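> Let me give you the structure first, and then I'll get to my questions.
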Amino acid sequence: MTWVLSHWSASWPVLVAYVALAGAHLAGLRRLLAGHPAGRRATIREAAVFQAGLLLALLVIVSPLGYWSRIYLWVRALDDLTLAFVAPGLIVLGAPWSALARGLGRPAPSASDAPGPRPWWLRWPVATVVAFNVIWLGGHLTVAFDRVPVSWAAAAAEYVLYLGGGILFWLQLIGSRPWSPAISPLRRAALLTGTVAADTVLGMVLTFGASVVYPGYANQWHHVMTVLDDQQLSGAILWMGILPPVIAAAVAVLNRWLSDEDSAALSAGFDRLLAQPDRGGRHPAWPSRPRFR
């Protein structure tokens, strides 16, 4: 175990960026709680979720997982899923935007349903989700995938695209205080389904493929399992690993849709009850007596 844990991929730019973001968030959170003591517990809970997501993204890059992802495909699959789906989801759920703005000395952002145009990152939800899926699938093409372990520039590009694209992806589908998604819950559920379908195709190709897709991973470490076995295991991880976060998001989206439907039905009922009666004293929204055919 010690030889596994001894390999840490130190990356000073990543560490500096992490310390800067985490510090700005904590400083802004302190100012935010001092100015608005109401809802303190919920704000602290969100802050903890954001810090967990940020720390998870850091560990994927600089921990032994970052080192062994350059050697084993199944470890790379875990890293990719975490960096593109899990860590961005936690960051978005943590709603750090107001605290980050306060920490950087800027005014807190306004809600997306306030008067005026929506922020640019919420104006094209379908295009954003499609672009993220293109990034996700394109990053697993052989020419791009095999380049990452041998090039820090390619690795940095992958980190930025996966993490940044994942944050924009989840902003469209689950929202993040003070912003709410621009499309209806049913359309968001459809986009989640499409993402699962795209990842399923990728996972099936790698799991059931009979040839090596990533020859760049043919190294001396594959003496217990072959590169093909490693590739098939990574495909199964990509195939099944995406389901927990996406299913959780889909359940939340469908619950929101059901709540909206119940609210709309209740509002329509109140409108009928409060409608003015006609000249005959009858309520226009309700039948005066049963009708039989």
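Starting from 1 in every chain, residues are counted up; chains themselves are A, B, ... following the order of the structure tokens, and ligands are numbered from 1 as listed.
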Quick one: everything within 12 Å of stretch 64-75 of chain A, counting only C-alpha atoms, minus sequence neighbours fewer than 6 positions away in the same chain. Send it as a PyMOL selection string.
chain A and resi 1-11+56-58+81-83+140+145-152+155+159+203+206-207+212-239+241
> Using C-alpha atoms, can you write the selected residues to a file as a short mmCIF file (atom, residue, chain, number, x, y, z; two decimals), in the first residue's frame?

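To be explicit, this is the file written out as out_26.cif:
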data_model
loop_
_atom_site.label_atom_id
_atom_site.label_comp_id
_atom_site.auth_asym_id
_atom_site.auth_seq_id
_atom_site.Cartn_x
_atom_site.Cartn_y
_atom_site.Cartn_z
CA MET A 1 0.00 0.00 0.00
CA THR A 2 2.86 2.39 0.75
CA TRP A 3 4.21 2.15 -2.79
CA VAL A 4 0.76 3.06 -4.12
CA LEU A 5 0.34 6.07 -1.82
CA SER A 6 3.88 7.30 -2.42
CA HIS A 7 3.10 8.63 -5.90
CA TRP A 8 1.67 12.13 -5.70
CA SER A 9 1.40 14.27 -8.82
CA ALA A 10 2.37 17.68 -7.43
CA SER A 11 1.10 20.55 -9.57
CA LEU A 56 -12.43 16.36 -4.62
CA ALA A 57 -11.38 18.01 -7.89
CA LEU A 58 -7.98 18.80 -6.38
CA LEU A 81 -16.14 10.72 -13.99
CA THR A 82 -15.20 12.56 -10.82
CA LEU A 83 -13.80 15.59 -12.62
CA HIS A 140 -12.26 9.75 -25.15
CA PHE A 145 -7.06 10.34 -24.74
CA ASP A 146 -3.57 8.95 -25.34
CA ARG A 147 -2.08 12.45 -25.41
CA VAL A 148 -3.03 13.37 -21.84
CA PRO A 149 -0.60 11.05 -19.96
CA VAL A 150 2.42 12.37 -21.89
CA SER A 151 1.58 16.07 -22.19
CA TRP A 152 0.89 18.48 -19.35
CA ALA A 155 -3.83 17.24 -19.32
CA TYR A 159 -8.99 19.34 -16.57
CA GLY A 203 -19.15 2.51 -22.17
CA LEU A 206 -15.05 0.07 -24.51
CA THR A 207 -16.59 -2.80 -22.53
CA VAL A 212 -7.34 -2.03 -27.90
CA VAL A 213 -8.62 1.52 -28.43
CA TYR A 214 -5.89 3.21 -26.39
CA PRO A 215 -2.47 1.79 -27.36
CA GLY A 216 -0.76 4.58 -25.41
CA TYR A 217 -1.56 2.64 -22.22
CA ALA A 218 0.43 -0.40 -23.28
CA ASN A 219 3.06 -0.27 -20.53
CA GLN A 220 5.01 -2.65 -18.29
CA TRP A 221 2.45 -2.35 -15.50
CA HIS A 222 -0.07 -4.46 -17.42
CA HIS A 223 1.33 -7.83 -16.44
CA VAL A 224 -1.57 -8.91 -14.21
CA MET A 225 -4.33 -7.66 -16.50
CA THR A 226 -3.90 -6.96 -20.19
CA VAL A 227 -4.53 -3.53 -21.69
CA LEU A 228 -7.74 -4.90 -23.22
CA ASP A 229 -8.94 -6.13 -19.82
CA ASP A 230 -8.09 -2.73 -18.34
CA GLN A 231 -9.98 -1.01 -21.16
CA GLN A 232 -13.06 -3.18 -20.69
CA LEU A 233 -13.06 -2.48 -16.94
CA SER A 234 -12.79 1.25 -17.60
CA GLY A 235 -15.73 1.02 -19.98
CA ALA A 236 -17.85 -0.64 -17.31
CA ILE A 237 -16.89 2.11 -14.84
CA LEU A 238 -17.83 4.84 -17.31
CA TRP A 239 -21.06 3.04 -18.16
CA GLY A 241 -20.48 5.24 -12.78
#
> List the spatial neighbours of A:Phe85 as a PyMOL selection string - criterion: any atom at most 12 Å away, only C-alpha atoms, same-chain residues fewer than 5 positions off excluded.
chain A and resi 53+56-57+77-80+90-92+132-133+136+161-171+192+195-196+199+238+241-246+249
> Please identify all polymer residues within 9 Å of A:Leu21, counting only C-alpha atoms, omitting same-chain residues fewer than 5 positions from it, and present them as a PyMOL selection string.
chain A and resi 16+26+54+100
> Work out how far apart atom CA of A:Ala24 and atom CA of A:Leu173 are and give it in Å to one decimal.
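Taking atom CA of A:Ala24 as the start and atom CA of A:Leu173 as the end point, the length is 26.1 Å.
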> Could you tell me, as an mmCIF file with all heavy atoms, in the first residue's frame, which residues of stretch 197-235 of chain A DSSP assigns to helix (DSSP H, G or I) when given the backbone?

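Result written to result06.cif:
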data_model
loop_
_atom_site.group_PDB
_atom_site.id
_atom_site.type_symbol
_atom_site.label_atom_id
_atom_site.label_comp_id
_atom_site.auth_asym_id
_atom_site.auth_seq_id
_atom_site.Cartn_x
_atom_site.Cartn_y
_atom_site.Cartn_z
ATOM 1 N N ALA A 197 -27.546 8.279 -22.426
ATOM 2 C CA ALA A 197 -27.487 7.483 -23.660
ATOM 3 C C ALA A 197 -26.125 7.632 -24.342
ATOM 4 O O ALA A 197 -25.540 6.634 -24.806
ATOM 5 C CB ALA A 197 -28.610 7.919 -24.601
ATOM 6 N N ALA A 198 -25.612 8.860 -24.405
ATOM 7 C CA ALA A 198 -24.310 9.079 -25.035
ATOM 8 C C ALA A 198 -23.203 8.360 -24.266
ATOM 9 O O ALA A 198 -22.321 7.716 -24.868
ATOM 10 C CB ALA A 198 -24.018 10.580 -25.114
ATOM 11 N N ASP A 199 -23.232 8.444 -22.939
ATOM 12 C CA ASP A 199 -22.215 7.773 -22.140
ATOM 13 C C ASP A 199 -22.366 6.253 -22.219
ATOM 14 O O ASP A 199 -21.364 5.525 -22.159
ATOM 15 C CB ASP A 199 -22.321 8.234 -20.690
ATOM 16 C CG ASP A 199 -21.238 7.625 -19.820
ATOM 17 O OD1 ASP A 199 -20.084 8.087 -19.894
ATOM 18 O OD2 ASP A 199 -21.546 6.669 -19.076
ATOM 19 N N THR A 200 -23.584 5.766 -22.362
ATOM 20 C CA THR A 200 -23.805 4.328 -22.495
ATOM 21 C C THR A 200 -23.157 3.786 -23.761
ATOM 22 O O THR A 200 -22.536 2.710 -23.755
ATOM 23 C CB THR A 200 -25.311 4.021 -22.495
ATOM 24 O OG1 THR A 200 -25.879 4.421 -21.243
ATOM 25 C CG2 THR A 200 -25.561 2.529 -22.712
ATOM 26 N N VAL A 201 -23.279 4.526 -24.856
ATOM 27 C CA VAL A 201 -22.627 4.109 -26.102
ATOM 28 C C VAL A 201 -21.120 4.022 -25.916
ATOM 29 O O VAL A 201 -20.474 3.053 -26.323
ATOM 30 C CB VAL A 201 -22.993 5.084 -27.234
ATOM 31 C CG1 VAL A 201 -22.177 4.771 -28.488
ATOM 32 C CG2 VAL A 201 -24.482 5.006 -27.554
ATOM 33 N N LEU A 202 -20.551 5.059 -25.262
ATOM 34 C CA LEU A 202 -19.112 5.047 -25.000
ATOM 35 C C LEU A 202 -18.727 3.852 -24.141
ATOM 36 O O LEU A 202 -17.763 3.135 -24.436
ATOM 37 C CB LEU A 202 -18.705 6.354 -24.317
ATOM 38 C CG LEU A 202 -17.269 6.439 -23.799
ATOM 39 C CD1 LEU A 202 -16.270 6.344 -24.941
ATOM 40 C CD2 LEU A 202 -17.063 7.730 -23.004
ATOM 41 N N GLY A 203 -19.469 3.622 -23.057
ATOM 42 C CA GLY A 203 -19.155 2.510 -22.170
ATOM 43 C C GLY A 203 -19.276 1.167 -22.856
ATOM 44 O O GLY A 203 -18.440 0.270 -22.648
ATOM 45 N N MET A 204 -20.288 0.993 -23.705
ATOM 46 C CA MET A 204 -20.471 -0.284 -24.396
ATOM 47 C C MET A 204 -19.358 -0.538 -25.399
ATOM 48 O O MET A 204 -18.887 -1.672 -25.546
ATOM 49 C CB MET A 204 -21.833 -0.295 -25.087
ATOM 50 C CG MET A 204 -23.012 -0.345 -24.133
ATOM 51 S SD MET A 204 -24.608 -0.331 -24.987
ATOM 52 C CE MET A 204 -24.557 -1.927 -25.786
ATOM 53 N N VAL A 205 -18.928 0.515 -26.101
ATOM 54 C CA VAL A 205 -17.838 0.356 -27.069
ATOM 55 C C VAL A 205 -16.573 -0.128 -26.371
ATOM 56 O O VAL A 205 -15.871 -1.028 -26.863
ATOM 57 C CB VAL A 205 -17.586 1.684 -27.813
ATOM 58 C CG1 VAL A 205 -16.285 1.622 -28.598
ATOM 59 C CG2 VAL A 205 -18.742 1.989 -28.749
ATOM 60 N N LEU A 206 -16.264 0.456 -25.222
ATOM 61 C CA LEU A 206 -15.048 0.068 -24.508
ATOM 62 C C LEU A 206 -15.204 -1.284 -23.805
ATOM 63 O O LEU A 206 -14.255 -2.069 -23.753
ATOM 64 C CB LEU A 206 -14.688 1.142 -23.478
ATOM 65 C CG LEU A 206 -14.339 2.520 -24.037
ATOM 66 C CD1 LEU A 206 -14.061 3.504 -22.911
ATOM 67 C CD2 LEU A 206 -13.147 2.449 -24.986
ATOM 68 N N THR A 207 -16.387 -1.562 -23.282
ATOM 69 C CA THR A 207 -16.589 -2.804 -22.526
ATOM 70 C C THR A 207 -16.609 -4.031 -23.417
ATOM 71 O O THR A 207 -16.033 -5.070 -23.081
ATOM 72 C CB THR A 207 -17.899 -2.719 -21.723
ATOM 73 O OG1 THR A 207 -17.833 -1.599 -20.840
ATOM 74 C CG2 THR A 207 -18.125 -3.988 -20.911
ATOM 75 N N PHE A 208 -17.286 -3.927 -24.559
ATOM 76 C CA PHE A 208 -17.452 -5.092 -25.425
ATOM 77 C C PHE A 208 -16.518 -5.088 -26.630
ATOM 78 O O PHE A 208 -16.595 -5.987 -27.474
ATOM 79 C CB PHE A 208 -18.905 -5.162 -25.907
ATOM 80 C CG PHE A 208 -19.895 -5.303 -24.787
ATOM 81 C CD1 PHE A 208 -20.799 -4.295 -24.505
ATOM 82 C CD2 PHE A 208 -19.912 -6.442 -23.992
ATOM 83 C CE1 PHE A 208 -21.716 -4.419 -23.470
ATOM 84 C CE2 PHE A 208 -20.812 -6.571 -22.953
ATOM 85 C CZ PHE A 208 -21.715 -5.555 -22.684
ATOM 86 N N PRO A 215 -3.789 2.450 -27.391
ATOM 87 C CA PRO A 215 -2.474 1.791 -27.357
ATOM 88 C C PRO A 215 -1.452 2.549 -26.525
ATOM 89 O O PRO A 215 -0.430 1.975 -26.137
ATOM 90 C CB PRO A 215 -2.071 1.755 -28.834
ATOM 91 C CG PRO A 215 -2.848 2.858 -29.481
ATOM 92 C CD PRO A 215 -4.150 2.927 -28.741
ATOM 93 N N GLY A 216 -1.699 3.822 -26.227
ATOM 94 C CA GLY A 216 -0.764 4.581 -25.406
ATOM 95 C C GLY A 216 -0.651 4.058 -23.990
ATOM 96 O O GLY A 216 0.287 4.414 -23.261
ATOM 97 N N TYR A 217 -1.589 3.219 -23.565
ATOM 98 C CA TYR A 217 -1.556 2.642 -22.223
ATOM 99 C C TYR A 217 -0.907 1.263 -22.193
ATOM 100 O O TYR A 217 -0.970 0.578 -21.165
ATOM 101 C CB TYR A 217 -2.964 2.563 -21.651
ATOM 102 C CG TYR A 217 -3.395 3.855 -20.988
ATOM 103 C CD1 TYR A 217 -3.824 4.938 -21.742
ATOM 104 C CD2 TYR A 217 -3.346 4.004 -19.603
ATOM 105 C CE1 TYR A 217 -4.202 6.136 -21.148
ATOM 106 C CE2 TYR A 217 -3.723 5.187 -18.994
ATOM 107 C CZ TYR A 217 -4.140 6.249 -19.769
ATOM 108 O OH TYR A 217 -4.508 7.421 -19.172
ATOM 109 N N VAL A 227 -3.993 -4.858 -21.382
ATOM 110 C CA VAL A 227 -4.535 -3.529 -21.695
ATOM 111 C C VAL A 227 -5.998 -3.649 -22.107
ATOM 112 O O VAL A 227 -6.823 -2.788 -21.765
ATOM 113 C CB VAL A 227 -3.705 -2.863 -22.815
ATOM 114 C CG1 VAL A 227 -4.270 -1.484 -23.156
ATOM 115 C CG2 VAL A 227 -2.249 -2.737 -22.406
ATOM 116 N N LEU A 228 -6.349 -4.717 -22.811
ATOM 117 C CA LEU A 228 -7.739 -4.903 -23.218
ATOM 118 C C LEU A 228 -8.639 -5.129 -22.006
ATOM 119 O O LEU A 228 -9.746 -4.582 -21.933
ATOM 120 C CB LEU A 228 -7.840 -6.084 -24.185
ATOM 121 C CG LEU A 228 -9.241 -6.370 -24.747
ATOM 122 C CD1 LEU A 228 -9.774 -5.165 -25.502
ATOM 123 C CD2 LEU A 228 -9.220 -7.602 -25.646
ATOM 124 N N ASP A 229 -8.158 -5.936 -21.054
ATOM 125 C CA ASP A 229 -8.939 -6.129 -19.820
ATOM 126 C C ASP A 229 -9.116 -4.803 -19.076
ATOM 127 O O ASP A 229 -10.202 -4.505 -18.559
ATOM 128 C CB ASP A 229 -8.244 -7.146 -18.910
ATOM 129 C CG ASP A 229 -8.231 -8.544 -19.504
ATOM 130 O OD1 ASP A 229 -9.117 -8.836 -20.333
ATOM 131 O OD2 ASP A 229 -7.330 -9.322 -19.144
ATOM 132 N N ASP A 230 -8.050 -4.041 -18.998
ATOM 133 C CA ASP A 230 -8.093 -2.734 -18.342
ATOM 134 C C ASP A 230 -9.085 -1.816 -19.055
ATOM 135 O O ASP A 230 -9.876 -1.108 -18.416
ATOM 136 C CB ASP A 230 -6.688 -2.137 -18.358
ATOM 137 C CG ASP A 230 -6.566 -0.910 -17.476
ATOM 138 O OD1 ASP A 230 -7.493 -0.646 -16.678
ATOM 139 O OD2 ASP A 230 -5.547 -0.201 -17.583
ATOM 140 N N GLN A 231 -9.059 -1.844 -20.369
ATOM 141 C CA GLN A 231 -9.977 -1.009 -21.158
ATOM 142 C C GLN A 231 -11.429 -1.422 -20.941
ATOM 143 O O GLN A 231 -12.322 -0.560 -20.802
ATOM 144 C CB GLN A 231 -9.606 -1.130 -22.634
ATOM 145 C CG GLN A 231 -10.509 -0.369 -23.586
ATOM 146 C CD GLN A 231 -10.049 -0.554 -25.014
ATOM 147 O OE1 GLN A 231 -8.986 -0.077 -25.392
ATOM 148 N NE2 GLN A 231 -10.839 -1.269 -25.800
ATOM 149 N N GLN A 232 -11.690 -2.708 -20.900
ATOM 150 C CA GLN A 232 -13.056 -3.180 -20.690
ATOM 151 C C GLN A 232 -13.557 -2.821 -19.292
ATOM 152 O O GLN A 232 -14.726 -2.453 -19.111
ATOM 153 C CB GLN A 232 -13.110 -4.690 -20.921
ATOM 154 C CG GLN A 232 -12.911 -5.078 -22.378
ATOM 155 C CD GLN A 232 -12.798 -6.570 -22.583
ATOM 156 O OE1 GLN A 232 -12.537 -7.328 -21.639
ATOM 157 N NE2 GLN A 232 -12.977 -7.034 -23.815
ATOM 158 N N LEU A 233 -12.674 -2.896 -18.291
ATOM 159 C CA LEU A 233 -13.061 -2.482 -16.939
ATOM 160 C C LEU A 233 -13.351 -0.988 -16.899
ATOM 161 O O LEU A 233 -14.316 -0.554 -16.251
ATOM 162 C CB LEU A 233 -11.949 -2.848 -15.950
ATOM 163 C CG LEU A 233 -12.173 -2.433 -14.490
ATOM 164 C CD1 LEU A 233 -13.454 -3.053 -13.943
ATOM 165 C CD2 LEU A 233 -10.968 -2.824 -13.635
ATOM 166 N N SER A 234 -12.538 -0.196 -17.581
ATOM 167 C CA SER A 234 -12.786 1.252 -17.603
ATOM 168 C C SER A 234 -14.106 1.567 -18.293
ATOM 169 O O SER A 234 -14.829 2.485 -17.873
ATOM 170 C CB SER A 234 -11.636 1.963 -18.322
ATOM 171 O OG SER A 234 -11.669 1.730 -19.720
ATOM 172 N N GLY A 235 -14.453 0.808 -19.329
ATOM 173 C CA GLY A 235 -15.733 1.024 -19.982
ATOM 174 C C GLY A 235 -16.903 0.732 -19.059
ATOM 175 O O GLY A 235 -17.897 1.474 -19.046
#
> Quick one: distance from atom CA of A:Val14 to atom CA of A:Ala101 in Å, one decimal?
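Taking atom CA of A:Val14 as the start and atom CA of A:Ala101 as the end point, the length is 20.8 Å.
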> One decimal, Å: what's the distance from atom CA of A:Ile61 over to atom CA of A:Leu15, could you say?
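It comes out at 9.7 Å.
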